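First the structure, in the form of structure tokens, and then the observations on it.
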Protein chains: 2
Amino acid sequence: MVAQSLPAKKWRLQDDFSLESGATLPGLEIAYETWGRLSPEGDNVVVILHALSGSSHAFSSEENPEPGWWEGLWDEGAPLRSGKYHIICANSIGGCYGTTGPSSINPDTGAPYAADFPQVTLRDMIEAQRLFLAGLGIDKPVTLLGGSMGGMLILHWMCEHPEEVGRAICLATPPRSEGFTIALRSIQRDAILSDPRYRQGRYSEEEFPEDGLSLARKIGMITYRSPAEFNQRFGRDVKDPRNHFSEGLYEVQSYLDHQGKKFVARFDPNTYLYFSRAMDLFDISDGHDSVAAPFSSCPAKVLLLAINSDFLVPPAHMSELHEALAEAGVDVSLHVMDSIHGHDAFLLEADQINAHLTCFLQSA
Amino acid sequence: MVAQSLPAKKWRLQDDFSLESGATLPGLEIAYETWGRLSPEGDNVVVILHALSGSSHAFSSEENPEPGWWEGLWDEGAPLRSGKYHIICANSIGGCYGTTGPSSINPDTGAPYAADFPQVTLRDMIEAQRLFLAGLGIDKPVTLLGGSMGGMLILHWMCEHPEEVGRAICLATPPRSEGFTIALRSIQRDAILSDPRYRQGRYSEEEFPEDGLSLARKIGMITYRSPAEFNQRFGRDVKDPRNHFSEGLYEVQSYLDHQGKKFVARFDPNTYLYFSRAMDLFDISDGHDSVAAPFSSCPAKVLLLAINSDFLVPPAHMSELHEALAEAGVDVSLHVMDSIHGHDAFLLEADQINAHLTCFLQSA
């Protein structure tokens, strides 16, 4: 599949949009969804920032009753479902769920941008979100909520437009990408780039780099969960003992195959490459002397949620962020969630997250 | 490259060799190297068992002065170089360094076996080693030394022919393969199998699945080292800042590319698949009630060396093995080495290993 079409609303920017790289996009289209109503004061906005594989569809809604990727935060009784908030989630630029990205049509050529799409950065994504929020008439400080890439986006927003962020909740978010995560992401991109059907990004639905995208997802899945979870859930379970000496013997292989296939049916390889590179480029202290420095004028109240089994963003990396924010004078707290699910606990441990959100949103 | 030719000695079995799968190989050729002299009593033999990517060339020698894959254990002053030992290292069956494997010629067809080579198991590898040692006239208990797959082989040998093992040193060796490591290895095989040039194993030197083998090696390399090492060694170092928004920006990517290319020049994709599957099949307690049970009549003195940063074989897995051996009444000790190098510390931390070997070999 190349570009998904969700029943999302569209916001359009007619002006040129300048990117950090110096490139320009001739306008933007941003796909978004909302839940709840804007208060008369316009001060109850919660903006959800999605991660690598996300979309605007964080929660189910009347327009789209399919469960969203963060549906557990929309369960009955969840703090975000209290009716107090106007929640907004937009697909990031570079995405494949309705927002301008590599699968969008390049007006200059009438064909998809594909690999000619300029490399977007997390800062670019935030600037697009800001224009979009302004376009909706949101002019009061907002609450930002996101995990992984979503959390990285929040940190940029806090640093560069501190007055716009009232509260921020970052889950599984490091202060920078480093050798190990860059290595892991780069081999996922290798898997796509070395698939002959990738064809420099000019694939079609008929000739699609599904092997590469599937393998990228499988590599990703292994890093999103914990070794303990893989061992506990799959152990040495076999699919069919008669195939004892053949490839594909183990249940865990079927699980990964299934994850790969599901992803191929819903995601765009070029978006994967662009988002993955954007995360590699992430370093919140870039251009500063310390991680604390860019947060020095940040009035937001911040909640950091780490996961004890997170292998991509170990709690030590969130502690570094926590110490830097505290040093910068930010009102920040860090909690380490107990979960076997590794990095993906930021999506899966809804009960724990809801409990933390309840306290945090009440106290602020 | 398809099959390597090292200046190794060859031992040949003319008889059929039966495999655990029920398949039969019409004879065997085993490539091996030796260092030091057999004592008149024939009781000073050390057998080195190599890991996934190894060969018979553990150490340099007059015949082949190239450094071996375990050269640090052959440094001046190293216990194995004391002149006391007759050291033997053979390439395992299924290998690509001179021993019968998928790149060998199938006498029935006159062409390489390729993917028609029967799946070998670690037990098969040990049975071939035993025939080979008997062929050399070795009939006293030996000292076995190996890490990773080499250590798994040692455990099988101890369980199935306990009277033949006098001493055993296993580095970075788990009691079984589980969901997580099976997952990691299976995606490495996916990388090879999904390369169109793999052609069901019937590739040639001209049409070689180098992308797949390179990616498999890169995935492997990331799991062989520790996150801390990647972060400390590469951090966010860039190769050329002018390519800021391009693919391949980071030094760690160049490092991985280099590792992939080096491996493609020296290893056979089919051997990779066969060895990788053989490790998946490894479970020392298979057919027993406990990990301890198969070791109940094992007279060997055993040294287990774990690595505190080993992500594939965490110290907890070696502790499980240690407890099982102790429960079975085996004279066993476990030491956890301190290293940033992760699993590969079993190859790299020669000083620590030599120190442990010195004590262990003296005391036994």
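Every chain in the structure tokens takes a letter, A first, then B, and so on in the order presented; its residues are numbered from 1, and the ligands are numbered from 1 following the presented order.
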### Message
Quick check: residues of chain A within 8 Å of chain B, only C-alpha atoms, returned as a VMD selection string.
### Response
chain A and resid 21 119 177 to 180 182 to 184 186 to 187 190 to 191 194 to 195 211 215 218 to 219 222 227 to 228 230 to 236 245 to 247 250 252 to 253 256 277
### Filtered DSSP result for stretch 90-301 of chain B, state strand (DSSP E or B), as JSON, numbers by chain
{"B": [90, 105, 106, 111, 112, 142, 143, 144, 145, 146, 147, 165, 166, 167, 168, 169, 170, 171, 176, 238, 250, 283, 301]}
### Task
Calculate how many Å separate atom CA of A:Gly42 from atom CA of A:Val142, rounding to one decimal.
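Computing it gives 9.3 Å between the two atoms.
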#### Entry: Within 7 Å of A:Ala115 using only C-alpha atoms, minus same-chain residues under 5 positions, as a ChimeraX atom specification
/A:102,200-201,270
### Task
Could you give me, as a PyMOL selection string, the residues within 12 Å of A:Pro79, counting only C-alpha atoms and dropping anything in the same chain fewer than 6 positions from it?
chain A and resi 46+72-73+85+87+350-362
### Query
Excluding same-chain residues fewer than 2 positions from A:Leu133, what lies within 10 Å of it counting only C-alpha atoms, as a ChimeraX atom specification?
/A:11,45,47,88,90,127-131,135-139,142
#### Entry: Residue set, stretch 120-244 of chain B restricted to helix (DSSP H, G or I), as a VMD selection string
chain B and resid 122 to 135 149 to 160 162 to 164 179 to 193 196 to 201 210 to 224 227 to 234 241 to 243
### Query
Could you name the residues that touch B:Gly146 at 9 Å or less, counting only C-alpha atoms, but leaving out those on the same chain fewer than 6 positions away, as a VMD selection string?
chain B and resid 47 to 51 152 to 154 168 to 173 346
### Query
Excluding same-chain residues fewer than 5 positions from B:Leu52, what lies within 10 Å of it counting only C-alpha atoms, as a list in words?
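These residues fall inside the cut-off: Ser92, Gly95, Gly147, Ser148, Met149, Gly150, Thr271, Tyr272, Leu273, Tyr274, Phe275, Ser276, Ala278 and Met279 of chain B.
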#### Entry: Between atom CA of A:Pro26 and atom CA of A:Pro107 - distance in Å to one decimal
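So the two atoms, atom CA of A:Pro107 and atom CA of A:Pro26, lie 8.1 Å apart.
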